[in-house]
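Enquirer: Dropping in entry-v3.txt, with compact mmCIF, C-alpha atoms.
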```txt
# COMPACT_ATOMS: atom_id res chain seq x y z
CA MET A 1 56.90 89.16 -57.18
CA PRO A 2 59.42 91.17 -55.14
CA HIS A 3 58.44 91.88 -51.57
CA ALA A 4 58.15 95.30 -49.98
CA ASP A 5 60.87 96.32 -47.56
CA SER A 6 60.50 95.03 -44.01
CA LEU A 7 59.19 98.30 -42.55
CA THR A 8 56.48 98.53 -45.20
CA GLN A 9 55.55 94.90 -44.52
CA VAL A 10 55.30 95.59 -40.79
CA VAL A 11 53.08 98.62 -41.28
CA ARG A 12 50.82 96.76 -43.72
CA LEU A 13 50.56 93.79 -41.35
CA LEU A 14 49.73 96.10 -38.45
CA ALA A 15 46.87 97.52 -40.49
CA LEU A 16 45.62 94.07 -41.50
CA SER A 17 45.97 92.67 -37.97
CA ASP A 18 44.28 95.61 -36.27
CA THR A 19 41.18 94.40 -34.44
CA ALA A 20 39.40 97.45 -35.83
CA PHE A 21 40.03 96.31 -39.43
CA PRO A 22 36.46 96.07 -40.74
CA VAL A 23 36.11 92.38 -41.55
CA GLY A 24 34.02 91.39 -38.51
CA ALA A 25 36.46 89.28 -36.46
CA PHE A 26 35.16 90.84 -33.24
CA SER A 27 31.77 89.14 -33.67
CA PHE A 28 33.20 85.61 -33.44
CA SER A 29 34.69 83.66 -30.54
CA ASP A 30 36.23 80.57 -32.18
CA GLY A 31 33.98 78.40 -30.02
CA LEU A 32 35.00 80.05 -26.76
CA GLU A 33 31.39 80.80 -25.82
CA SER A 34 30.58 77.07 -25.82
CA ALA A 35 33.81 76.24 -23.99
CA VAL A 36 32.93 78.74 -21.26
CA ALA A 37 29.31 77.53 -21.06
CA CYS A 38 30.53 73.93 -20.63
CA SER A 39 33.15 75.02 -18.04
CA VAL A 40 36.02 73.86 -20.26
CA VAL A 41 37.48 77.37 -20.02
CA THR A 42 37.06 79.02 -16.62
CA ASP A 43 40.21 81.04 -15.96
CA ALA A 44 43.46 82.35 -17.44
CA PRO A 45 45.31 78.98 -17.48
CA SER A 46 42.45 77.11 -19.17
CA LEU A 47 42.03 80.03 -21.61
CA GLU A 48 45.71 79.81 -22.52
CA GLU A 49 45.41 76.08 -23.19
CA TYR A 50 42.31 76.70 -25.32
CA ALA A 51 43.94 79.58 -27.24
CA TYR A 52 47.04 77.47 -27.89
CA THR A 53 44.86 74.71 -29.35
CA ILE A 54 43.04 77.21 -31.57
CA ALA A 55 46.36 78.73 -32.73
CA CYS A 56 47.70 75.28 -33.66
CA GLN A 57 44.52 74.40 -35.51
CA VAL A 58 44.54 77.70 -37.40
CA ALA A 59 48.22 77.33 -38.27
CA HIS A 60 47.58 73.92 -39.83
CA THR A 61 44.44 74.91 -41.75
CA ASP A 62 44.08 78.64 -42.39
CA GLY A 63 47.82 79.26 -42.25
CA VAL A 64 48.53 76.58 -44.85
CA ALA A 65 45.64 77.77 -47.05
CA ALA A 66 46.89 81.36 -46.84
CA LEU A 67 50.37 80.22 -47.90
CA CYS A 68 48.93 78.24 -50.82
CA ALA A 69 46.82 81.24 -51.83
CA LEU A 70 49.78 83.64 -51.62
CA ARG A 71 51.94 81.33 -53.73
CA ALA A 72 49.15 80.81 -56.28
CA ALA A 73 48.54 84.56 -56.45
CA GLU A 74 52.24 85.26 -56.94
CA SER A 75 52.52 82.65 -59.70
CA GLY A 76 49.29 83.76 -61.36
CA ASP A 77 47.66 80.33 -60.96
CA PHE A 78 44.02 81.27 -60.37
CA ASP A 79 42.86 77.64 -60.49
CA GLU A 80 45.22 76.80 -57.62
CA LEU A 81 43.86 79.79 -55.71
CA LEU A 82 40.32 78.45 -56.15
CA ARG A 83 41.52 74.99 -55.06
CA ALA A 84 43.07 76.40 -51.88
CA ASP A 85 39.80 78.15 -51.04
CA SER A 86 37.72 75.04 -51.73
CA THR A 87 40.01 72.83 -49.64
CA LEU A 88 39.91 75.25 -46.72
CA ILE A 89 36.11 75.52 -46.57
CA MET A 90 35.92 71.71 -46.54
CA ALA A 91 38.27 71.67 -43.52
CA LYS A 92 35.88 73.85 -41.51
CA THR A 93 33.89 71.33 -39.47
CA SER A 94 31.51 73.61 -37.59
CA PHE A 95 28.89 76.02 -38.85
CA GLU A 96 30.49 78.90 -36.92
CA ALA A 97 33.91 78.20 -38.41
CA ARG A 98 32.51 78.18 -41.95
CA LEU A 99 30.43 81.28 -41.30
CA LYS A 100 33.42 83.15 -39.87
CA ALA A 101 35.72 82.14 -42.72
CA VAL A 102 33.25 83.18 -45.41
CA ARG A 103 31.89 86.39 -43.85
CA MET A 104 35.31 87.73 -43.03
CA GLY A 105 36.77 86.50 -46.32
CA ARG A 106 34.12 88.19 -48.43
CA ARG A 107 34.66 91.46 -46.60
CA LEU A 108 38.40 91.13 -47.01
CA ALA A 109 38.03 90.36 -50.74
CA GLU A 110 36.02 93.55 -51.15
CA LEU A 111 38.53 95.56 -49.12
CA ALA A 112 41.43 94.09 -51.10
CA ALA A 113 39.81 95.21 -54.36
CA ARG A 114 39.44 98.73 -52.93
CA ILE A 115 42.70 99.06 -50.99
CA LEU A 116 44.94 97.57 -53.69
CA PRO A 117 42.95 97.46 -56.93
CA THR A 118 45.09 95.11 -59.03
CA PRO A 119 43.83 92.76 -61.73
CA LEU A 120 44.16 89.86 -59.26
CA THR A 121 42.35 91.51 -56.34
CA GLN A 122 39.59 92.57 -58.73
CA ARG A 123 39.35 89.08 -60.24
CA TRP A 124 39.30 87.49 -56.78
CA HIS A 125 36.59 89.86 -55.58
CA ASN A 126 34.51 89.16 -58.70
CA ALA A 127 34.93 85.39 -58.22
CA VAL A 128 33.79 85.65 -54.60
CA GLN A 129 30.90 87.99 -55.38
CA GLY A 130 29.83 85.87 -58.34
CA GLY A 131 29.74 82.67 -56.27
CA LEU A 132 32.60 80.98 -58.14
CA THR A 133 34.28 80.39 -54.77
CA ASP A 134 33.44 80.85 -51.09
CA GLY A 135 36.20 83.40 -50.53
CA CYS A 136 37.49 82.24 -47.14
CA TYR A 137 39.36 84.76 -45.02
CA ALA A 138 42.73 82.98 -45.26
CA THR A 139 42.66 82.73 -49.05
CA SER A 140 41.49 86.33 -49.38
CA LEU A 141 44.36 87.31 -47.09
CA GLY A 142 46.78 85.44 -49.35
CA VAL A 143 45.52 87.44 -52.32
CA LEU A 144 45.76 90.73 -50.44
CA CYS A 145 49.22 89.96 -49.05
CA SER A 146 50.42 89.13 -52.55
CA ALA A 147 49.15 92.51 -53.79
CA ALA A 148 50.64 94.25 -50.72
CA GLU A 149 54.00 92.50 -51.27
CA VAL A 150 53.92 90.93 -47.82
CA GLY A 151 56.10 87.84 -47.37
CA GLU A 152 55.04 84.33 -46.43
CA ARG A 153 56.41 84.28 -42.89
CA GLU A 154 54.88 87.62 -42.03
CA MET A 155 51.48 86.67 -43.44
CA PHE A 156 51.53 83.31 -41.65
CA ALA A 157 52.26 85.08 -38.36
CA ALA A 158 49.35 87.46 -39.01
CA VAL A 159 46.97 84.51 -39.53
CA VAL A 160 47.89 82.93 -36.19
CA PHE A 161 47.96 86.31 -34.41
CA GLY A 162 44.44 87.00 -35.71
CA ALA A 163 43.16 83.78 -34.16
CA LEU A 164 44.76 84.64 -30.82
CA ALA A 165 43.30 88.16 -30.97
CA THR A 166 39.83 86.78 -31.68
CA VAL A 167 39.96 84.40 -28.72
CA SER A 168 41.44 87.08 -26.44
CA GLY A 169 38.77 89.59 -27.40
CA ALA A 170 36.02 87.08 -26.77
CA ALA A 171 37.60 86.13 -23.43
CA LEU A 172 37.33 89.73 -22.25
CA ARG A 173 33.59 89.58 -22.89
CA LEU A 174 33.02 86.09 -21.46
CA LEU A 175 35.38 85.67 -18.51
CA ARG A 176 36.48 87.67 -15.51
CA LEU A 177 39.85 88.51 -16.98
CA SER A 178 41.65 91.79 -17.49
CA HIS A 179 43.42 93.16 -20.53
CA PHE A 180 46.65 92.35 -18.68
CA ASP A 181 45.69 88.68 -18.58
CA THR A 182 44.91 88.53 -22.29
CA GLN A 183 47.98 90.53 -23.31
CA CYS A 184 50.23 88.24 -21.25
CA LEU A 185 48.59 85.28 -22.97
CA MET A 186 49.16 86.87 -26.41
CA PHE A 187 52.85 87.46 -25.69
CA ARG A 188 53.43 83.98 -24.29
CA LEU A 189 51.70 82.27 -27.22
CA SER A 190 53.27 84.52 -29.84
```
Mind turning this structure into structure tokens?

Expert:
Amino acid sequence: MPHADSLTQVVRLLALSDTAFPVGAFSFSDGLESAVACSVVTDAPSLEEYAYTIACQVAHTDGVAALCALRAAESGDFDELLRADSTLIMAKTSFEARLKAVRMGRRLAELAARILPTPLTQRWHNAVQGGLTDGCYATSLGVLCSAAEVGEREMFAAVVFGALATVSGAALRLLRLSHFDTQCLMFRLS
């Protein structure tokens, strides 16, 4: 499938990466609450180390699954799309990680079917709603990015950025840090 021009891709990624995008990312912390409670994360430097670890983990799990989903969506291989989703949910080791992936993914699948109602986004939404697959966020994002003609690199960056935004948002609620601290962290880790 041809990709949209770069400006269109940027605008679409901004919309998808907006923390106000209604998929529920703001209600999760990627384990930061526990890390703060156990004094693993106490300040900006330890937060940056934690966020870097989360970004690496997300890149190697969700990022790879999103790429597999995008490629499967673009080639029309629905079985491979289901396999990517199944493999990703098995890689989620904690209850919170599975809950986040599925809650956000189901919302994104529904939004994808409404925002860009293509045969694939409709089929994906029906598969998720019907319980054929879990509908993880990363695989739902791959489907939506395929429909939105967003490229692989851009989508991959959005996956990692989303993880950093989740941790940064939670840090503002849990630590004595300012928006300046979290924005500096986001720019350094980007």

Enquirer: For A:Phe161, which of A:Ile54, A:Ile115, A:Leu175, A:Val11 is the closest residue, counting all atoms listed in the file?

Expert: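 So, comparing all the options, the nearest one is A:Ile54.
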
Enquirer: Padding 3 Å on each side, edges along x, y and z: where is the centre of the box around the listed atoms of stretch 103-121 of chain A, and how long are its edges in Å to one decimal? Output it as JSON.

Expert:
```
{"center_x": 38.5, "center_y": 92.7, "center_z": -52.4, "size_x": 19.2, "size_y": 18.7, "size_z": 24.7}
```

Enquirer: Find the residues around stretch 179-190 of chain A up to 8 Å (all atoms listed in the file counted), leave out those fewer than 5 positions away in its own chain, and share them as number ranges by chain.

Expert: A: 44, 48, 52, 161, 164-165, 168, 171-172

Enquirer: With all atoms listed in the file as the basis for distance, which of A:Met155, A:Ala35, A:Ala127, A:Cys145 is at the shortest distance from A:Arg106?

Expert: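 Nearest candidate to A:Arg106 out of A:Met155, A:Ala35, A:Ala127, A:Cys145: A:Ala127.
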
Enquirer: Rounded to one decimal in Å, what is the spacing between atom CA of A:Thr93 and atom CA of A:Gly135?

Expert: 16.5 Å

Enquirer: With 10 Å as the threshold, what does the neighbourhood of (44.1, 78.5, -48.5) contain in terms of residues, counting all atoms listed in the file? Coordinates are those of the file; answer as a ChimeraX atom specification.

Expert: /A:61-72,80-89,135-143
